[in-house]
Amino acid sequence: METTLQGVEGWGLSTRSLGHVARPQSMEEVAGAFALARERGWTVGLRGAGRSYGDASQNEGALVLDLQDVDRIHEWDPESGVARVDPGVTVRGLWERVVVDGWWPKVVSGTMTPTIGGAAAMNIHGKNAWKAGTIGDHIRSFRLLTPSGDDLLCSREENAALFHGAIGGFGELGVMHDITIANQFVGSGRVMEYPYALPHLDAMFDRFEQLTGEFDYCVGWIDAFATGKSLGRGQIHTARYLSAQEDPAGLNMRSPAHQRLPEVILGFPKKHLWRFVRPFAFPLGMRAINLAKVISGQILPGSSRPYLQSHAGFHFLLDFVPDWKLMHGRGGLIQWQPFVPADRAREVFRRVLTMQQERGMVNWLTVLKRHRPDPFLLTHGLDGWSLAQDFNVTPRNRQALWQLCHDMTEVVLEAGGRFYPAKDATLTASQYQRSLGQDRLSAFRALKQQVDPQGLLQTNLYRRLML
Ligand SMILES: Cc1cc2nc3c(=O)[nH]c(=O)nc-3n(C[C@H](O)[C@H](O)[C@H](O)COP(=O)(O)OP(=O)(O)OC[C@H]3O[C@@H](n4cnc5c(N)ncnc54)[C@H](O)[C@@H]3O)c2cc1C
């Protein structure tokens, strides 16, 4: 198999390393890649679409196995809503296939570009995390191709420990493939979306808690620049499914063509839109943009009225402006997303927002979600809340920013919080161990010893957090 030595980046562009990249076309070639790596003395790092923000799918100086071309949908049953797919099928590939029969993936990320293999390996969550859990909760089974050469069927009944370890196990136990996944029946091709503007953090939490009882999806946006009584002010967007009776016109929208995001926005091709935000990509500019969003949510006519929205339009807001990360400039961005138990979340989020204001490194985009626990070994899920935050990285602020994240992480750990490797770039091994507890890590290491005794599978993330 051909390999190319090239720079491999995390999605946030703030972490890069050189790796020998190979793009196998089939699972047979994936198995061949393990042999090739052994021959050359390389470790193997798995990569999906490279949408993890940090170093999750980089493997410095060794093999990076890019699985995007192993991408067939093997089976789709519109009666049961269950699909069997290759690891390289994307979230987009899945919804485009199932939506025509009135189904939608149970859990999707804020972008439709991740692969199902990468999504399962990180155990992604969506805007319904408190209700539907993580993607792993809807995976029925998969096959795990291990470095020892076994191809094991894993499900809740068979090889259950590997099933619960590989989901969320960031590609360290084997290549997940032949993934069987259940979807959600949706009557209409649209949801009804409701916006709410809230004046401070307590109001955000109180309203969010109330809305989760009524809606299928719920997500909050916070203006991280607001201080004093307005600290934590923001907006909540909820949505609920519509039945075919409620929205007969929405039946026709169950097609990829009707779900497609617009190519041109305000008269400009969307691929160039990030260039318009670039001049505002500095702290004062971002303060102004966050403020403009707050004001528009409060005073624009119709800003508090519910409206019909396509499923894709509701879920993949971030795909409306492709490559928006480029506005962050040369240093890129990191995301820092703590998960905090429900009884400590308000206090911890208030504290970390204040810390970043005090140190003059306020994050530019803050997203609030509600979560529930899940049964997976390396889980970020808990009965609590997460606050995803995008920090701009520059050569000048890099060291101070890592220190800020380190210090905020200590606040989260003291409250019993957790972190999500897909969104991480700064956690240390000792912090990761404290977040998950020694028992979980020991159990994971035992599984790794069973299927990968020589430690063939490795990424930069694995070495940073677990070695
Ligand atoms: C704009 C944006 C919005 C996002 N929104 C969300 C969100 O709302 N919720 C959320 O949970 N996440 C979100 N994410 C993160 C993203 O969903 C995860 O990082 C996901 O894992 C990316 O999948 P990928 O295919 O790009 O995998 P990669 O990032 O390439 O790899 C992820 C991990 O999976 C491993 N891996 C890849 N394929 C396999 C396989 N077949 N078998 C075993 N291991 C494998 C890799 O080694 C790596 O450790 C977002 C990312 C972006 C860029």
# chains A, B, ... in the order shown; residues from 1 in each chain; ligands from 1

$ residues_near_ligand --ligand "ligand 1" --cutoff "6 Å" --atoms "only C-alpha atoms and all ligand atoms" --output "PyMOL selection string"
chain A and resi 11+45-52+56-57+87+109-111+114-115+117-119+121-122+124-126+170-171+174-177+318+422

$ residues_around --residues "Arg346 (chain A)" --least-positions-apart "5" --cutoff "10 Å" --atoms "only C-alpha atoms" --output "JSON, numbers by chain"
{"A": [201, 202, 204, 205, 232, 340, 341, 351, 385]}

$ residues_around --residues "Gly360 (chain A)" --least-positions-apart "2" --cutoff "12 Å" --atoms "only C-alpha atoms" --output "list of chain:residue names"
A:Ala224, A:Phe225, A:Phe282, A:Pro283, A:Leu284, A:Arg287, A:Leu353, A:Thr354, A:Met355, A:Gln356, A:Gln357, A:Glu358, A:Val362, A:Asn363, A:Trp364, A:Phe391, A:Asn392, A:Asn397, A:Ala400, A:Leu401, A:Leu404

$ closest_residue --among "A:Glu9, A:Glu28, A:Glu157, A:Asp86" --to "Val64 (chain A)" --atoms "only C-alpha atoms"
A:Glu9

$ residues_around --residues "Pro306 (chain A)" --least-positions-apart "3" --cutoff "7 Å" --atoms "only C-alpha atoms" --output "list in words"
Met192, Glu193, Tyr194 and Pro195 of chain A

$ residues_around --residues "Ala62 (chain A)" --least-positions-apart "5" --cutoff "8 Å" --atoms "only C-alpha atoms" --output "count of residues only"
6

$ residues_around --residues "Leu144 (chain A)" --least-positions-apart "2" --cutoff "10 Å" --atoms "only C-alpha atoms" --output "ChimeraX atom specification"
/A:141-142,146-147,149-154,159,162-163,166,173-179,451

$ decode --residues "region 275-383 of chain A" --atoms "C-alpha atoms" --output "CSV table (one decimal), in the first residue's frame"
chain,number,residue,atom,x,y,z
A,275,ARG,CA,-13.4,35.9,5.1
A,276,PHE,CA,-16.1,38.4,6.2
A,277,VAL,CA,-15.7,37.4,9.8
A,278,ARG,CA,-11.9,37.5,9.6
A,279,PRO,CA,-11.6,41.3,10.2
A,280,PHE,CA,-13.5,40.8,13.5
A,281,ALA,CA,-11.3,37.9,14.6
A,282,PHE,CA,-9.7,39.6,17.6
A,283,PRO,CA,-11.0,40.0,21.2
A,284,LEU,CA,-12.8,43.3,20.7
A,285,GLY,CA,-14.3,42.3,17.4
A,286,MET,CA,-15.6,39.0,18.9
A,287,ARG,CA,-17.0,40.9,21.9
A,288,ALA,CA,-18.9,43.0,19.4
A,289,ILE,CA,-20.2,40.0,17.4
A,290,ASN,CA,-21.3,38.2,20.6
A,291,LEU,CA,-23.1,41.4,21.7
A,292,ALA,CA,-24.8,41.8,18.3
A,293,LYS,CA,-26.1,38.3,18.6
A,294,VAL,CA,-27.5,39.0,22.1
A,295,ILE,CA,-29.2,42.2,20.9
A,296,SER,CA,-30.6,40.6,17.7
A,297,GLY,CA,-32.0,37.8,19.8
A,298,GLN,CA,-33.8,40.3,22.0
A,299,ILE,CA,-35.1,43.0,19.7
A,300,LEU,CA,-35.3,41.9,16.1
A,301,PRO,CA,-38.9,41.4,15.0
A,302,GLY,CA,-39.8,37.7,15.0
A,303,SER,CA,-36.6,36.8,16.9
A,304,SER,CA,-38.6,34.9,19.6
A,305,ARG,CA,-41.1,33.3,17.3
A,306,PRO,CA,-40.9,29.5,16.5
A,307,TYR,CA,-40.2,28.6,12.9
A,308,LEU,CA,-40.0,25.5,10.7
A,309,GLN,CA,-36.5,24.3,9.9
A,310,SER,CA,-35.1,21.3,8.0
A,311,HIS,CA,-33.3,18.6,10.1
A,312,ALA,CA,-30.0,19.5,8.4
A,313,GLY,CA,-30.5,23.2,8.9
A,314,PHE,CA,-31.2,22.7,12.7
A,315,HIS,CA,-28.3,20.3,13.4
A,316,PHE,CA,-25.5,21.5,11.1
A,317,LEU,CA,-25.5,25.2,11.8
A,318,LEU,CA,-21.7,25.1,11.7
A,319,ASP,CA,-21.7,23.8,8.2
A,320,PHE,CA,-23.4,26.9,6.9
A,321,VAL,CA,-20.0,28.5,6.9
A,322,PRO,CA,-17.5,25.9,5.8
A,323,ASP,CA,-13.9,26.4,6.9
A,324,TRP,CA,-15.0,29.0,9.5
A,325,LYS,CA,-12.0,27.9,11.5
A,326,LEU,CA,-9.8,29.8,9.0
A,327,MET,CA,-11.0,33.1,10.6
A,328,HIS,CA,-8.9,32.1,13.6
A,329,GLY,CA,-5.7,32.7,11.6
A,330,ARG,CA,-2.4,31.0,11.6
A,331,GLY,CA,-2.5,29.7,15.2
A,332,GLY,CA,-5.9,28.0,14.7
A,333,LEU,CA,-8.2,27.3,17.7
A,334,ILE,CA,-8.6,24.8,20.5
A,335,GLN,CA,-11.9,23.7,22.0
A,336,TRP,CA,-12.1,23.1,25.8
A,337,GLN,CA,-15.3,21.3,26.8
A,338,PRO,CA,-15.7,20.4,30.5
A,339,PHE,CA,-18.5,18.0,31.6
A,340,VAL,CA,-19.7,18.8,35.1
A,341,PRO,CA,-22.1,17.1,37.5
A,342,ALA,CA,-25.5,18.8,37.6
A,343,ASP,CA,-25.2,20.0,41.2
A,344,ARG,CA,-21.8,21.8,40.6
A,345,ALA,CA,-22.2,23.0,37.0
A,346,ARG,CA,-23.5,26.5,37.6
A,347,GLU,CA,-20.8,27.3,40.1
A,348,VAL,CA,-18.0,25.8,37.9
A,349,PHE,CA,-19.1,27.5,34.7
A,350,ARG,CA,-19.4,30.8,36.5
A,351,ARG,CA,-15.9,30.4,37.8
A,352,VAL,CA,-14.3,29.3,34.5
A,353,LEU,CA,-16.0,32.2,32.6
A,354,THR,CA,-14.7,34.6,35.2
A,355,MET,CA,-11.2,33.1,35.1
A,356,GLN,CA,-10.9,33.6,31.3
A,357,GLN,CA,-12.2,37.2,31.6
A,358,GLU,CA,-9.7,38.0,34.4
A,359,ARG,CA,-6.8,36.6,32.3
A,360,GLY,CA,-7.9,38.4,29.1
A,361,MET,CA,-8.4,35.2,27.1
A,362,VAL,CA,-12.2,35.0,26.7
A,363,ASN,CA,-13.4,32.2,24.4
A,364,TRP,CA,-15.2,33.2,21.2
A,365,LEU,CA,-18.0,30.6,21.0
A,366,THR,CA,-19.6,29.0,24.0
A,367,VAL,CA,-22.2,26.2,23.7
A,368,LEU,CA,-24.2,24.7,26.6
A,369,LYS,CA,-25.6,21.2,26.6
A,370,ARG,CA,-27.3,18.8,29.1
A,371,HIS,CA,-26.0,15.2,29.3
A,372,ARG,CA,-26.8,11.8,30.9
A,373,PRO,CA,-24.5,8.9,32.0
A,374,ASP,CA,-23.7,6.1,29.5
A,375,PRO,CA,-22.3,2.6,29.9
A,376,PHE,CA,-19.0,3.1,28.0
A,377,LEU,CA,-15.6,2.7,29.7
A,378,LEU,CA,-13.8,5.9,28.7
A,379,THR,CA,-17.0,8.0,28.9
A,380,HIS,CA,-17.3,11.7,29.0
A,381,GLY,CA,-21.0,11.3,29.8
A,382,LEU,CA,-22.5,12.1,33.2
A,383,ASP,CA,-25.7,13.4,34.7
